[in-house]
Amino acid sequence: MRKGLALFLLFLPALAQVGLLDGPRPPTEVRGYLEGSAQEGYRVRVEFLLETGTNPIQGTSYQSLTWNGRLYLCVGGCDTFTLSGFSPGTYPNGQAYNLYDSQNRLRGKAGVTTEYYNNQPYRYRVEYAVWPLSGTKTWQASPDNPVPMETGGWLTARPPGGNPERYRYPGMESYRPPSGGSIFAGISPQDRDLAQKSLIDSMAKLRAFFGRLVRGSELWFFVPEVTPWTFQLAQEFQARVGGPVRFVVPEGTATSYCPTGYRSDPRFHVLPRPSLDKKDALAVIWPRQNASQKGAAMAGRYLVDRPDWPDGPDCLGQTLNLVPTAEGLPEARAYVYGCISQANLKARVEFKEMTLGQPTLVWRRQGWSWSYIYSYGKDWDGKATFDLGGGDEEVRITLPSSAPTDWTRVEPVKDAKGRDRGYAYVKATVERTLDTRNTISLTYKDQRTAPWDFSFQHGGETFTLWWTDPWRQLNRCGRSSNPFYSPSYPLTCEVRDGQNRVRGSATVNMRMVWEWQWIATIRVPYYDYAITLPAWKESVTGWQAYWYLSRWQTTWRAATDNDRPVEAGGYVTAEGKRYRIPGLEGYLSPTGKEIEAVEGDPYVTYITRSLLPDRNPYGGLNREEGKVWYKPLSQWCQERGK
């Protein structure tokens, strides 16, 4: 039975009063109130039932705005006290009222002050002083409160004006204090002059804590990962303090953040250690402008995990980068909305895609200028490499199998995956030479004169037949400058082009025939010409290309099956692709705890200043430690090729 009770107590953050056992006083004369948790360690507020003198018992009580003006107090005996003249629904500011017990006896005074939040009244603070009846006992708190609970439920408390006494809290026989605790565990109540420690367990306390900070302060989160709750804490800070926020994550988390949009976020930095436990999460608030201003810090796993604070908003409405659960998944983000407490979170998923735009002319830098002409050698295979927005990639065109006779072509462009990527204007640099091993033969028969008056056309060119007579005169073939000289046949002539270059040879034969014209018989010469010309040879000496290519452009495409419900553990599946939403690992099983906070000067201010990146203690000492101080996430990922 006691074992079951102990397990039950371990899961309660606070209990009602319990009589303490195994001490010098009976349980009816010493009692305790349990505070804390099994993770952080339990504490007990101890009270002793002691004889009172004539001094009043003072205390403070907080009441809601619906309070009826009555207090239940135990001063020598428990009774209900009434504030005479108090009117419910009013907002007094320090007014004093007489206190009467249930038998209408005047027992003391009470002052009531209305407390405000966001300029709205939200509760009463009642400060009372009650005189005990003569000869009665009252419950008085131990000056050591709260006292820590030890192994087995034991504790040591000192009554007012007495010596320490040892007691045991019932039902906690199996209790073992946590071995660690938060990083602020070493700050004791006696350190109030150095650091003021507090527990934040509601949005109201969080906003009040931020409200005490200096406007423009800077907040640095040192967390194992940045979750939606961490983002919300940052938003609450900026709404009330107005300063910048930075996030520092360990290297293990940085590796998973490199393929996400967090890489280009200047707020993200990397902690030079492989991992960080949630219980060691830290938030440092540094007043940037004035060295005399107080620093502050927060610690605990609930800088990362969302606590179940009943008066705090647990509804989301923000866009978050998704973490892929497998390699090869495209980069994705989601607008996450809904409320965790209502288990209705949904994610509007978008995928990052690279789409192709319209083809545009591709330029390249040549020295100090830009050019759109790309030159290639004669052995070019039609392939080229460009960075078109998605890294280096290969494109290609199909070149003609034989040397082109026209110098300019328009060729379609394909990439390595066969996609149309635009077109290219391709120009071949062609060299034209004569091929003496490949000749052309032309024959002209029965010509009364040389063909076309000793000239002819072929291949778009005009040629002329010439020969040199014995007087070394250059004449049209078959003629002579000497009228008394008749060349002998067959006659060999030169074939010259329009630039008077010898391009070939011609053999001329003459034969005489008789023709009857009217009555006379005439001897008429006829000529046969055999002409030999070398053929032209064309060869490509190089290529020039003008590329018109489609570039990659980044777009965000909404999933076809939006909006997707967020699954248990913070997962979301869209179009069959599964991702994790950072910080929602506990979704559908929320837990609520506390954030520890400290404020103080100069102790906390010194700590917070020494932690910031621009306060690198090794920066000017030429030591290795200075090279691994907090780096921007983008720089860290680039250095590791991620």
# chains A, B, ... in the order shown; residues from 1 in each chain; ligands from 1
$ closest_atom_pairs --of "region 274-360 of chain A" --to "region 253-266 of chain A" --cutoff "8 Å" --atoms "only C-alpha atoms" --output "CSV"
residue,atom,partner,partner_atom,distance
A:Ser275,CA,A:Thr253,CA,7.5
A:Asn321,CA,A:Gly261,CA,6.3
A:Leu322,CA,A:Thr260,CA,7.4
A:Val323,CA,A:Thr260,CA,7.2
A:Glu331,CA,A:Thr260,CA,6.4
A:Ala332,CA,A:Thr260,CA,7.8
$ select_by_dssp --residues "region 134-366 of chain A" --states "strand (DSSP E or B)" --output "short mmCIF file (atom, residue, chain, number, x, y, z; two decimals) with N, CA, C and O atoms, in the first residue's frame"
data_model
loop_
_atom_site.label_atom_id
_atom_site.label_comp_id
_atom_site.auth_asym_id
_atom_site.auth_seq_id
_atom_site.Cartn_x
_atom_site.Cartn_y
_atom_site.Cartn_z
N LYS A 137 -2.53 27.95 20.34
CA LYS A 137 -1.38 27.59 19.51
C LYS A 137 -1.64 28.00 18.05
O LYS A 137 -2.78 27.96 17.60
N THR A 138 -0.59 28.33 17.36
CA THR A 138 -0.71 28.70 15.94
C THR A 138 0.33 27.92 15.13
O THR A 138 1.36 27.49 15.65
N TRP A 139 0.03 27.76 13.85
CA TRP A 139 0.97 27.10 12.94
C TRP A 139 2.00 28.14 12.49
O TRP A 139 1.65 29.17 11.91
N GLN A 140 3.28 27.84 12.74
CA GLN A 140 4.35 28.76 12.40
C GLN A 140 5.36 28.06 11.48
O GLN A 140 5.73 26.90 11.71
N ALA A 141 5.78 28.78 10.43
CA ALA A 141 6.68 28.19 9.42
C ALA A 141 8.10 28.09 9.94
O ALA A 141 8.57 28.93 10.71
N VAL A 147 12.63 23.05 2.84
CA VAL A 147 13.75 22.16 3.13
C VAL A 147 13.76 21.03 2.10
O VAL A 147 12.71 20.55 1.68
N PRO A 148 14.95 20.61 1.64
CA PRO A 148 15.00 19.55 0.63
C PRO A 148 14.66 18.19 1.22
O PRO A 148 14.98 17.90 2.38
N TRP A 154 13.20 11.47 4.08
CA TRP A 154 13.63 12.16 5.29
C TRP A 154 13.93 13.62 5.01
O TRP A 154 14.32 14.01 3.91
N LEU A 155 13.77 14.46 6.06
CA LEU A 155 14.07 15.88 5.96
C LEU A 155 14.43 16.40 7.35
O LEU A 155 14.08 15.80 8.37
N THR A 156 15.14 17.53 7.36
CA THR A 156 15.54 18.16 8.61
C THR A 156 15.02 19.58 8.63
O THR A 156 15.30 20.36 7.71
N ALA A 157 14.22 19.93 9.66
CA ALA A 157 13.63 21.26 9.76
C ALA A 157 13.81 21.79 11.17
O ALA A 157 13.80 21.03 12.15
N GLU A 165 15.26 19.45 13.83
CA GLU A 165 14.61 18.18 14.15
C GLU A 165 14.41 17.39 12.86
O GLU A 165 14.17 17.97 11.80
N ARG A 166 14.50 16.06 12.99
CA ARG A 166 14.46 15.20 11.80
C ARG A 166 13.10 14.51 11.71
O ARG A 166 12.60 13.95 12.69
N TYR A 167 12.50 14.53 10.47
CA TYR A 167 11.18 13.94 10.25
C TYR A 167 11.19 13.15 8.94
O TYR A 167 12.13 13.22 8.14
N ARG A 168 10.12 12.41 8.77
CA ARG A 168 9.95 11.63 7.53
C ARG A 168 8.59 11.96 6.93
O ARG A 168 7.59 11.98 7.65
N GLN A 196 18.86 36.24 -8.49
CA GLN A 196 17.50 35.96 -8.02
C GLN A 196 16.92 34.85 -8.88
O GLN A 196 16.79 34.98 -10.09
N LYS A 197 16.60 33.74 -8.25
CA LYS A 197 16.11 32.56 -8.95
C LYS A 197 14.59 32.49 -8.85
O LYS A 197 14.01 32.77 -7.80
N SER A 198 13.95 32.12 -9.96
CA SER A 198 12.49 32.00 -9.96
C SER A 198 12.10 30.85 -10.88
O SER A 198 12.89 30.39 -11.71
N LEU A 199 10.87 30.39 -10.72
CA LEU A 199 10.31 29.33 -11.54
C LEU A 199 9.19 29.91 -12.39
O LEU A 199 8.30 30.60 -11.90
N ILE A 200 9.24 29.62 -13.68
CA ILE A 200 8.22 30.10 -14.61
C ILE A 200 7.34 28.91 -14.98
O ILE A 200 7.82 27.94 -15.58
N GLU A 218 19.35 41.22 -25.94
CA GLU A 218 19.54 40.18 -26.95
C GLU A 218 19.38 38.81 -26.30
O GLU A 218 19.92 38.57 -25.22
N LEU A 219 18.66 37.92 -26.99
CA LEU A 219 18.38 36.58 -26.45
C LEU A 219 19.08 35.53 -27.30
O LEU A 219 18.91 35.49 -28.51
N TRP A 220 19.87 34.68 -26.63
CA TRP A 220 20.55 33.56 -27.29
C TRP A 220 20.04 32.25 -26.69
O TRP A 220 20.12 32.04 -25.49
N PHE A 221 19.51 31.39 -27.55
CA PHE A 221 19.07 30.06 -27.14
C PHE A 221 20.20 29.05 -27.43
O PHE A 221 20.69 28.97 -28.55
N PHE A 222 20.60 28.27 -26.42
CA PHE A 222 21.52 27.15 -26.60
C PHE A 222 20.69 25.89 -26.38
O PHE A 222 20.48 25.47 -25.24
N VAL A 245 17.06 37.86 -31.61
CA VAL A 245 17.10 36.50 -31.08
C VAL A 245 18.05 35.67 -31.95
O VAL A 245 18.05 35.81 -33.18
N ARG A 246 18.85 34.82 -31.31
CA ARG A 246 19.74 33.91 -32.01
C ARG A 246 19.53 32.50 -31.46
O ARG A 246 19.15 32.32 -30.30
N PHE A 247 19.79 31.50 -32.31
CA PHE A 247 19.65 30.10 -31.92
C PHE A 247 20.99 29.40 -32.14
O PHE A 247 21.57 29.48 -33.23
N VAL A 248 21.48 28.69 -31.12
CA VAL A 248 22.74 27.95 -31.21
C VAL A 248 22.41 26.47 -30.97
O VAL A 248 21.88 26.11 -29.91
N VAL A 249 22.70 25.63 -31.96
CA VAL A 249 22.39 24.20 -31.87
C VAL A 249 23.69 23.40 -31.97
O VAL A 249 24.67 23.86 -32.55
N PRO A 250 23.73 22.18 -31.37
CA PRO A 250 24.95 21.37 -31.45
C PRO A 250 25.18 20.84 -32.86
O PRO A 250 24.31 20.91 -33.74
N PHE A 268 20.74 31.37 -37.01
CA PHE A 268 21.18 30.05 -36.56
C PHE A 268 22.70 29.98 -36.51
O PHE A 268 23.40 30.38 -37.44
N HIS A 269 23.22 29.42 -35.37
CA HIS A 269 24.64 29.21 -35.17
C HIS A 269 24.86 27.78 -34.68
O HIS A 269 23.91 27.07 -34.34
N VAL A 270 26.12 27.38 -34.65
CA VAL A 270 26.47 25.99 -34.29
C VAL A 270 27.33 26.01 -33.03
O VAL A 270 28.30 26.77 -32.92
N LEU A 271 26.96 25.15 -32.07
CA LEU A 271 27.70 24.98 -30.83
C LEU A 271 28.81 23.94 -31.07
O LEU A 271 28.52 22.86 -31.59
N LEU A 282 19.71 26.15 -22.48
CA LEU A 282 19.97 27.42 -21.82
C LEU A 282 19.55 28.57 -22.73
O LEU A 282 19.71 28.50 -23.95
N ALA A 283 18.99 29.60 -22.12
CA ALA A 283 18.66 30.83 -22.84
C ALA A 283 19.33 31.98 -22.09
O ALA A 283 19.10 32.16 -20.90
N VAL A 284 20.15 32.72 -22.80
CA VAL A 284 20.92 33.81 -22.20
C VAL A 284 20.36 35.14 -22.71
O VAL A 284 20.22 35.34 -23.91
N ILE A 285 20.03 36.03 -21.77
CA ILE A 285 19.53 37.35 -22.12
C ILE A 285 20.59 38.37 -21.73
O ILE A 285 20.97 38.47 -20.56
N TRP A 286 21.09 39.09 -22.73
CA TRP A 286 22.21 39.98 -22.53
C TRP A 286 21.81 41.42 -22.85
O TRP A 286 21.41 41.71 -23.97
N GLY A 295 21.90 41.07 -16.15
CA GLY A 295 21.70 39.99 -17.09
C GLY A 295 20.64 39.03 -16.59
O GLY A 295 20.17 39.13 -15.45
N ALA A 296 20.25 38.08 -17.43
CA ALA A 296 19.24 37.09 -17.04
C ALA A 296 19.46 35.84 -17.87
O ALA A 296 20.13 35.87 -18.92
N ALA A 297 18.92 34.74 -17.39
CA ALA A 297 19.04 33.48 -18.11
C ALA A 297 17.88 32.58 -17.74
O ALA A 297 17.26 32.73 -16.68
N MET A 298 17.59 31.64 -18.64
CA MET A 298 16.58 30.61 -18.39
C MET A 298 17.20 29.26 -18.71
O MET A 298 18.09 29.16 -19.55
N ALA A 299 16.70 28.21 -18.07
CA ALA A 299 17.28 26.89 -18.27
C ALA A 299 16.21 25.82 -18.14
O ALA A 299 15.17 26.02 -17.52
N CYS A 315 -1.72 27.11 -29.21
CA CYS A 315 -2.14 27.06 -30.61
C CYS A 315 -1.03 27.58 -31.50
O CYS A 315 -0.30 28.51 -31.14
N LEU A 316 -0.87 26.95 -32.64
CA LEU A 316 0.18 27.29 -33.58
C LEU A 316 -0.42 27.92 -34.82
O LEU A 316 -1.55 27.66 -35.19
N GLY A 317 0.39 28.71 -35.48
CA GLY A 317 0.04 29.30 -36.75
C GLY A 317 1.28 29.86 -37.39
O GLY A 317 1.43 31.07 -37.54
N GLN A 318 2.22 28.99 -37.77
CA GLN A 318 3.50 29.45 -38.30
C GLN A 318 4.04 28.44 -39.30
O GLN A 318 3.67 27.27 -39.30
N THR A 319 4.92 28.94 -40.17
CA THR A 319 5.54 28.11 -41.19
C THR A 319 6.86 27.57 -40.66
O THR A 319 7.69 28.32 -40.16
N LEU A 320 7.05 26.25 -40.77
CA LEU A 320 8.23 25.58 -40.24
C LEU A 320 8.87 24.74 -41.33
O LEU A 320 8.19 24.19 -42.20
N ASN A 321 10.21 24.66 -41.30
CA ASN A 321 10.93 23.78 -42.20
C ASN A 321 10.81 22.35 -41.71
O ASN A 321 10.98 22.07 -40.51
N VAL A 323 11.87 18.29 -41.53
CA VAL A 323 13.07 17.46 -41.55
C VAL A 323 12.73 16.16 -42.26
O VAL A 323 11.83 15.43 -41.82
N PRO A 324 13.42 15.82 -43.36
CA PRO A 324 13.09 14.57 -44.08
C PRO A 324 13.45 13.36 -43.23
O PRO A 324 14.42 13.35 -42.47
N ALA A 332 11.16 20.57 -47.97
CA ALA A 332 9.74 20.86 -47.77
C ALA A 332 9.57 21.77 -46.56
O ALA A 332 10.42 21.84 -45.67
N ARG A 333 8.45 22.46 -46.54
CA ARG A 333 8.06 23.28 -45.42
C ARG A 333 6.56 23.13 -45.23
O ARG A 333 5.88 22.58 -46.11
N ALA A 334 6.05 23.62 -44.12
CA ALA A 334 4.62 23.47 -43.86
C ALA A 334 4.15 24.61 -42.98
O ALA A 334 4.86 25.03 -42.06
N TYR A 335 2.97 25.08 -43.27
CA TYR A 335 2.28 26.01 -42.37
C TYR A 335 1.48 25.15 -41.39
O TYR A 335 0.52 24.47 -41.77
N VAL A 336 1.93 25.13 -40.13
CA VAL A 336 1.31 24.29 -39.10
C VAL A 336 0.33 25.15 -38.30
O VAL A 336 0.70 26.21 -37.80
N TYR A 337 -0.91 24.68 -38.19
CA TYR A 337 -1.91 25.46 -37.49
C TYR A 337 -2.81 24.51 -36.70
O TYR A 337 -2.87 23.30 -36.95
N GLY A 338 -3.49 25.09 -35.71
CA GLY A 338 -4.35 24.31 -34.83
C GLY A 338 -3.83 24.39 -33.40
O GLY A 338 -2.90 25.14 -33.10
N CYS A 339 -4.43 23.63 -32.52
CA CYS A 339 -4.08 23.67 -31.10
C CYS A 339 -3.65 22.28 -30.64
O CYS A 339 -4.32 21.28 -30.94
N LYS A 346 -2.84 20.62 -38.03
CA LYS A 346 -2.75 20.27 -39.45
C LYS A 346 -1.58 21.01 -40.06
O LYS A 346 -1.12 22.04 -39.55
N ALA A 347 -1.10 20.46 -41.17
CA ALA A 347 0.07 21.03 -41.84
C ALA A 347 -0.26 21.23 -43.31
O ALA A 347 -0.71 20.30 -43.99
N ARG A 348 -0.05 22.45 -43.78
CA ARG A 348 -0.20 22.77 -45.20
C ARG A 348 1.18 22.66 -45.82
O ARG A 348 2.01 23.56 -45.73
N VAL A 349 1.45 21.53 -46.47
CA VAL A 349 2.79 21.18 -46.91
C VAL A 349 3.08 21.77 -48.28
O VAL A 349 2.22 21.79 -49.17
N GLU A 350 4.32 22.26 -48.43
CA GLU A 350 4.81 22.74 -49.71
C GLU A 350 6.16 22.10 -50.00
O GLU A 350 6.99 21.96 -49.10
N PHE A 351 6.38 21.73 -51.27
CA PHE A 351 7.63 21.13 -51.70
C PHE A 351 8.43 22.15 -52.50
O PHE A 351 7.87 22.87 -53.33
N LYS A 352 9.72 22.17 -52.21
CA LYS A 352 10.60 23.04 -52.98
C LYS A 352 10.97 22.35 -54.27
O LYS A 352 11.48 21.23 -54.26
N GLU A 353 10.68 23.00 -55.38
CA GLU A 353 10.95 22.42 -56.68
C GLU A 353 11.73 23.40 -57.54
O GLU A 353 11.63 24.62 -57.37
N MET A 354 12.50 22.82 -58.46
CA MET A 354 13.24 23.61 -59.42
C MET A 354 12.54 23.45 -60.78
O MET A 354 12.50 22.34 -61.33
N THR A 355 11.97 24.50 -61.30
CA THR A 355 11.29 24.46 -62.59
C THR A 355 12.10 25.22 -63.63
O THR A 355 12.92 26.08 -63.29
N LEU A 356 11.83 24.92 -64.89
CA LEU A 356 12.57 25.53 -65.99
C LEU A 356 11.83 26.73 -66.54
O LEU A 356 10.63 26.67 -66.79
N THR A 360 16.85 31.84 -72.45
CA THR A 360 17.46 33.17 -72.57
C THR A 360 18.91 33.01 -72.99
O THR A 360 19.53 31.96 -72.79
N LEU A 361 19.47 34.07 -73.56
CA LEU A 361 20.84 34.04 -74.04
C LEU A 361 21.80 33.90 -72.86
O LEU A 361 21.70 34.64 -71.87
N ARG A 364 28.86 34.87 -70.67
CA ARG A 364 29.97 34.42 -69.85
C ARG A 364 31.01 35.54 -69.75
O ARG A 364 31.12 36.39 -70.64
N ARG A 365 31.73 35.52 -68.64
CA ARG A 365 32.75 36.55 -68.42
C ARG A 365 34.05 36.14 -69.12
O ARG A 365 34.52 35.02 -69.00
N GLN A 366 34.62 37.10 -69.84
CA GLN A 366 35.92 36.92 -70.47
C GLN A 366 36.80 38.08 -70.04
O GLN A 366 36.69 39.19 -70.58
#
$ atom_distance --atom1 "CA of Leu65 (chain A)" --atom2 "CA of Phe210 (chain A)"
24.9 Å
$ residues_around --residues "region 391-396 of chain A" --least-positions-apart "6" --cutoff "10 Å" --atoms "only C-alpha atoms" --output "PyMOL selection string"
chain A and resi 381-385+411-424+549+552
$ residues_around --residues "Glu115 (chain A)" --least-positions-apart "3" --cutoff "12 Å" --atoms "only C-alpha atoms" --output "PyMOL selection string"
chain A and resi 62-65+91-94+112+118-126
$ write_last_selection --atoms "N, CA and C atoms" --output "mmCIF file, in the first residue's frame"
data_model
loop_
_atom_site.group_PDB
_atom_site.id
_atom_site.type_symbol
_atom_site.label_atom_id
_atom_site.label_comp_id
_atom_site.auth_asym_id
_atom_site.auth_seq_id
_atom_site.Cartn_x
_atom_site.Cartn_y
_atom_site.Cartn_z
ATOM 1 N N TYR A 62 -3.664 35.591 -2.042
ATOM 2 C CA TYR A 62 -4.089 36.091 -3.348
ATOM 3 C C TYR A 62 -5.456 35.501 -3.677
ATOM 4 N N GLN A 63 -6.377 36.381 -4.100
ATOM 5 C CA GLN A 63 -7.749 35.972 -4.365
ATOM 6 C C GLN A 63 -8.151 36.424 -5.764
ATOM 7 N N SER A 64 -9.083 35.666 -6.355
ATOM 8 C CA SER A 64 -9.594 36.033 -7.674
ATOM 9 C C SER A 64 -10.549 37.213 -7.556
ATOM 10 N N LEU A 65 -10.951 37.764 -8.725
ATOM 11 C CA LEU A 65 -11.838 38.927 -8.740
ATOM 12 C C LEU A 65 -13.257 38.578 -8.304
ATOM 13 N N TYR A 91 -12.471 47.581 -6.950
ATOM 14 C CA TYR A 91 -11.034 47.458 -7.166
ATOM 15 C C TYR A 91 -10.283 48.373 -6.200
ATOM 16 N N PRO A 92 -10.205 47.983 -4.902
ATOM 17 C CA PRO A 92 -9.509 48.830 -3.917
ATOM 18 C C PRO A 92 -8.011 48.873 -4.196
ATOM 19 N N ASN A 93 -7.381 49.935 -3.705
ATOM 20 C CA ASN A 93 -5.947 50.109 -3.901
ATOM 21 C C ASN A 93 -5.296 50.405 -2.549
ATOM 22 N N GLY A 94 -5.088 49.338 -1.752
ATOM 23 C CA GLY A 94 -4.447 49.480 -0.461
ATOM 24 C C GLY A 94 -5.392 49.824 0.680
ATOM 25 N N VAL A 112 -6.218 45.430 1.155
ATOM 26 C CA VAL A 112 -6.532 44.805 -0.135
ATOM 27 C C VAL A 112 -6.022 45.716 -1.252
ATOM 28 N N ASN A 118 -1.611 43.863 -18.128
ATOM 29 C CA ASN A 118 -2.010 44.466 -19.409
ATOM 30 C C ASN A 118 -3.121 45.491 -19.205
ATOM 31 N N ASN A 119 -2.936 46.262 -18.133
ATOM 32 C CA ASN A 119 -3.876 47.337 -17.806
ATOM 33 C C ASN A 119 -5.276 46.823 -17.470
ATOM 34 N N GLN A 120 -5.384 45.536 -17.137
ATOM 35 C CA GLN A 120 -6.665 44.962 -16.762
ATOM 36 C C GLN A 120 -6.534 44.330 -15.383
ATOM 37 N N PRO A 121 -7.495 44.562 -14.442
ATOM 38 C CA PRO A 121 -7.428 43.909 -13.130
ATOM 39 C C PRO A 121 -7.580 42.401 -13.265
ATOM 40 N N TYR A 122 -6.710 41.645 -12.541
ATOM 41 C CA TYR A 122 -6.839 40.202 -12.683
ATOM 42 C C TYR A 122 -6.823 39.445 -11.344
ATOM 43 N N ARG A 123 -6.457 40.121 -10.191
ATOM 44 C CA ARG A 123 -6.572 39.442 -8.900
ATOM 45 C C ARG A 123 -6.387 40.468 -7.771
ATOM 46 N N TYR A 124 -6.724 39.994 -6.503
ATOM 47 C CA TYR A 124 -6.518 40.797 -5.294
ATOM 48 C C TYR A 124 -5.326 40.245 -4.524
ATOM 49 N N ARG A 125 -4.520 41.173 -3.955
ATOM 50 C CA ARG A 125 -3.483 40.794 -2.999
ATOM 51 C C ARG A 125 -3.939 41.244 -1.607
ATOM 52 N N VAL A 126 -4.120 40.266 -0.706
ATOM 53 C CA VAL A 126 -4.652 40.547 0.633
ATOM 54 C C VAL A 126 -3.526 40.324 1.645
#
$ closest_residue --among "A:Cys74, A:Leu633, A:Val540, A:Ala506" --to "Gly377 (chain A)" --atoms "only C-alpha atoms"
A:Val540
$ decode --residues "region 202-247 of chain A" --atoms "C-alpha atoms" --output "JSON list (two decimals), in the first residue's frame"
[["chain", "number", "residue", "atom", "x", "y", "z"],
["A", 202, "SER", "CA", 2.70, 30.00, -16.80],
["A", 203, "MET", "CA", 2.54, 32.41, -19.70],
["A", 204, "ALA", "CA", 1.70, 35.19, -17.25],
["A", 205, "LYS", "CA", 4.94, 34.60, -15.32],
["A", 206, "LEU", "CA", 6.91, 34.33, -18.55],
["A", 207, "ARG", "CA", 5.60, 37.67, -19.78],
["A", 208, "ALA", "CA", 6.23, 39.25, -16.39],
["A", 209, "PHE", "CA", 9.81, 37.94, -16.50],
["A", 210, "PHE", "CA", 10.33, 39.39, -19.98],
["A", 211, "GLY", "CA", 8.71, 42.61, -18.82],
["A", 212, "ARG", "CA", 11.48, 43.09, -16.23],
["A", 213, "LEU", "CA", 14.19, 42.94, -18.88],
["A", 214, "VAL", "CA", 15.78, 45.95, -20.48],
["A", 215, "ARG", "CA", 14.34, 46.95, -23.85],
["A", 216, "GLY", "CA", 16.62, 45.96, -26.70],
["A", 217, "SER", "CA", 18.28, 43.08, -24.84],
["A", 218, "GLU", "CA", 19.54, 40.18, -26.95],
["A", 219, "LEU", "CA", 18.38, 36.58, -26.45],
["A", 220, "TRP", "CA", 20.55, 33.56, -27.29],
["A", 221, "PHE", "CA", 19.07, 30.06, -27.14],
["A", 222, "PHE", "CA", 21.52, 27.15, -26.60],
["A", 223, "VAL", "CA", 19.22, 24.22, -27.37],
["A", 224, "PRO", "CA", 19.51, 20.70, -28.88],
["A", 225, "GLU", "CA", 17.07, 21.80, -31.61],
["A", 226, "VAL", "CA", 14.83, 24.74, -32.41],
["A", 227, "THR", "CA", 11.21, 23.73, -31.98],
["A", 228, "PRO", "CA", 7.90, 25.55, -32.54],
["A", 229, "TRP", "CA", 7.82, 26.20, -28.78],
["A", 230, "THR", "CA", 11.31, 27.72, -28.93],
["A", 231, "PHE", "CA", 10.10, 29.93, -31.78],
["A", 232, "GLN", "CA", 7.11, 30.97, -29.67],
["A", 233, "LEU", "CA", 9.34, 31.85, -26.72],
["A", 234, "ALA", "CA", 11.40, 33.97, -29.10],
["A", 235, "GLN", "CA", 8.26, 35.72, -30.37],
["A", 236, "GLU", "CA", 7.11, 36.43, -26.80],
["A", 237, "PHE", "CA", 10.54, 37.89, -26.05],
["A", 238, "GLN", "CA", 10.59, 40.13, -29.12],
["A", 239, "ALA", "CA", 7.04, 41.32, -28.47],
["A", 240, "ARG", "CA", 7.97, 42.57, -24.97],
["A", 241, "VAL", "CA", 11.69, 43.28, -25.18],
["A", 242, "GLY", "CA", 12.13, 44.09, -28.85],
["A", 243, "GLY", "CA", 15.68, 42.76, -29.12],
["A", 244, "PRO", "CA", 17.21, 40.28, -31.58],
["A", 245, "VAL", "CA", 17.10, 36.50, -31.08],
["A", 246, "ARG", "CA", 19.74, 33.91, -32.01],
["A", 247, "PHE", "CA", 19.65, 30.10, -31.92]]
